[in-house]
Amino acid sequence: MNFGYREVCLEHDTGDRHPESPDRLRAVRRALKDSHGVKYDSPNDADLDLVRTVHDADYVEEFREYCADGGGHWDADTVAVEATWDAALASAGAAVWAAEAAGPEVPNRQTPFALGRPPGHHAVGDDAMGFCFINNAGVGAQAALESGADSVAIFDWDVHHGNGTQDIFYDRGDVFYASIHEDGLFPGTGTTDETGVGDGEGANVNVVYQPGADTADYLAAIDEIIAPAIADFDPDLLLISAGFDAHEHDPISRMQVSTEGYGVMTRRMIELAEDRGAGLGFVLEGGYGLDTLSDSIKMVNEVFDGYQPVEPDDDVSEEAREVLDTLASQAVGSK
Ligand SMILES: [Zn+2]
């Protein structure tokens with residue numbers, strides 16, 4: 001894969017013991033050193049006018065000044081230093097790069113993966129939250145639309161709900177958003193009945209699983225609900241909001257997705273994008289175990305390099321089955 005990365009993303013210093021630390025990117029880069037087919041690009045900063053198409057101008061200015069004044073605790077979890085502004089523009093720029101580098105004609109081995117931080121999916125139009133300042137995937141989607149794509153689908157497999165991304169595109173018909181997330185975790189949004197409003201009606205899908213959902217449950221959500229909905233939507237670009245905190249050994253969630261599971265989900269995304277003639281790109285979100293994060297990204301890269309991941313042989317859990325049946329009946333009811 002081609003990874004979009006800049007050193008400035010390490011300068012966003014969240015202090016000791018913050019789970020969203022620069023060590024995350026260091027660990028990933030170390031792990032990818034021995035992997036086949038890894039290339040790096042150095043994306044430009046995101047254009048400020050583009051950032052202002054998904055965030056309020058007043059908020060962007062407030063965030064810029066906050067960093068210029070030395071930063072601090074924006075809220076209990078969301079920390080900025082002076083360099084956070086530069087890191088955030090680089091991180092959003094990497095997502096723009098991924099969105100623009102993706103295309104149906106791009107060979108699998110050159111699929112772009114934006115390896116930036118701070119992450120983005122909790123940032124709403126007018127506020128930072130949950131470690132996020134600029135909604136990277138949102139800015140990337142907007143860039144693709146402005147470069148000629150008619151529509152973009154964002155699939156968010158981070159263990160948390162991407163409330164920011166949902167919020168930004170909730171009333172829009174040109175960006176589809178789907179998420180699988182753990183019930184009871186931050187930020188508490190993303191119920192199954194949130195399906196979009198106005199032009200965005202039907203272009204928002206939330207699969208809310210109980211703690212303990214595993215790879216088989218995630219695959220069932222993709223195969224039965226999310227992939228068919230995205231295929232129906234028929235986007236020109238499929239962006240993955242790729243957090244790896246649903247991993248079975250991630251310290252902050254109770255989900256049970258295996259490293260191999262991220263490989264199988266990646267395989268599904270390749271098939272879906274090929275089937276619809278859509279471009280495919282990845283944007284890093286969360287993932288807080290240094291080993292599990294780097295092993296999982298290594299796995300994603302290996303799948304693009306030709307590795308065939310092993311399908312799980314266990315059945316969908318009863319709890320997951322109930323959620324999927326509810327979503328299926330909702331979809332039928334809306335037609
Ligand atoms: Zn997360």
# chains A, B, ... in the order shown; residues from 1 in each chain; ligands from 1

$ residues_around --residues "A:Gly164" --least-positions-apart "4" --cutoff "7 Å" --atoms "only C-alpha atoms" --output "PyMOL selection string"
chain A and resi 121-124+135+168

$ select_by_dssp --residues "stretch 40-180 of chain A" --states "alpha helix (DSSP H)" --output "PyMOL selection string"
chain A and resi 48-54+57-68+84-101+136-146+163-169

$ residues_around --residues "A:Glu285" --least-positions-apart "5" --cutoff "6 Å" --atoms "only C-alpha atoms" --output "list of chain:residue names"
A:Pro119, A:Ala242, A:Gly243

$ residues_near_ligand --ligand "ligand 1" --cutoff "10 Å" --atoms "only C-alpha atoms and all ligand atoms" --output "ChimeraX atom specification"
/A:20,119-122,130-131,156-162,181-182,185-187,241-246,252-253,284-288

$ residues_around --residues "stretch 80-87 of chain A" --least-positions-apart "5" --cutoff "12 Å" --atoms "only C-alpha atoms" --output "number ranges by chain"
A: 5-15, 18, 20-22, 43-48, 60-75, 92-94, 115-120, 128-134, 136

$ closest_residue --among "A:Ile230, A:Val300, A:Val283, A:Val54" --to "A:Gly4" --atoms "only C-alpha atoms"
A:Val283

$ select_by_dssp --residues "stretch 132-281 of chain A" --states "strand (DSSP E or B)" --output "PyMOL selection string"
chain A and resi 132+152-156+175-182+204-209+214+237-242+247+256-257+279-281

$ write_last_selection --atoms "C-alpha atoms" --output "short mmCIF file (atom, residue, chain, number, x, y, z; two decimals), in the first residue's frame"
data_model
loop_
_atom_site.label_atom_id
_atom_site.label_comp_id
_atom_site.auth_asym_id
_atom_site.auth_seq_id
_atom_site.Cartn_x
_atom_site.Cartn_y
_atom_site.Cartn_z
CA CYS A 132 -10.36 14.82 17.21
CA VAL A 152 -18.65 8.95 -1.53
CA ALA A 153 -19.34 6.19 1.01
CA ILE A 154 -17.53 6.19 4.35
CA PHE A 155 -17.45 2.92 6.29
CA ASP A 156 -16.27 3.45 9.85
CA VAL A 175 -22.08 11.06 1.24
CA PHE A 176 -23.17 7.74 2.74
CA TYR A 177 -22.03 6.89 6.27
CA ALA A 178 -22.03 3.45 7.91
CA SER A 179 -20.60 2.51 11.31
CA ILE A 180 -20.25 -0.59 13.46
CA HIS A 181 -19.67 0.37 17.09
CA GLU A 182 -19.83 -0.90 20.66
CA ASN A 204 -26.76 6.61 7.26
CA VAL A 205 -26.45 3.15 8.82
CA ASN A 206 -25.53 2.36 12.42
CA VAL A 207 -24.85 -1.19 13.57
CA VAL A 208 -24.72 -1.05 17.37
CA TYR A 209 -23.31 -4.21 18.91
CA ASP A 214 -16.36 -10.81 17.24
CA LEU A 237 -15.21 6.39 -3.75
CA LEU A 238 -15.24 4.15 -0.68
CA LEU A 239 -13.31 5.56 2.27
CA ILE A 240 -12.65 3.41 5.32
CA SER A 241 -12.53 5.27 8.63
CA ALA A 242 -10.09 2.69 9.87
CA HIS A 247 -9.40 -5.57 18.30
CA GLN A 256 -13.31 -9.33 19.91
CA VAL A 257 -12.17 -8.69 16.33
CA GLY A 279 -11.94 3.87 -5.64
CA LEU A 280 -10.83 2.65 -2.22
CA GLY A 281 -8.85 4.53 0.42
#
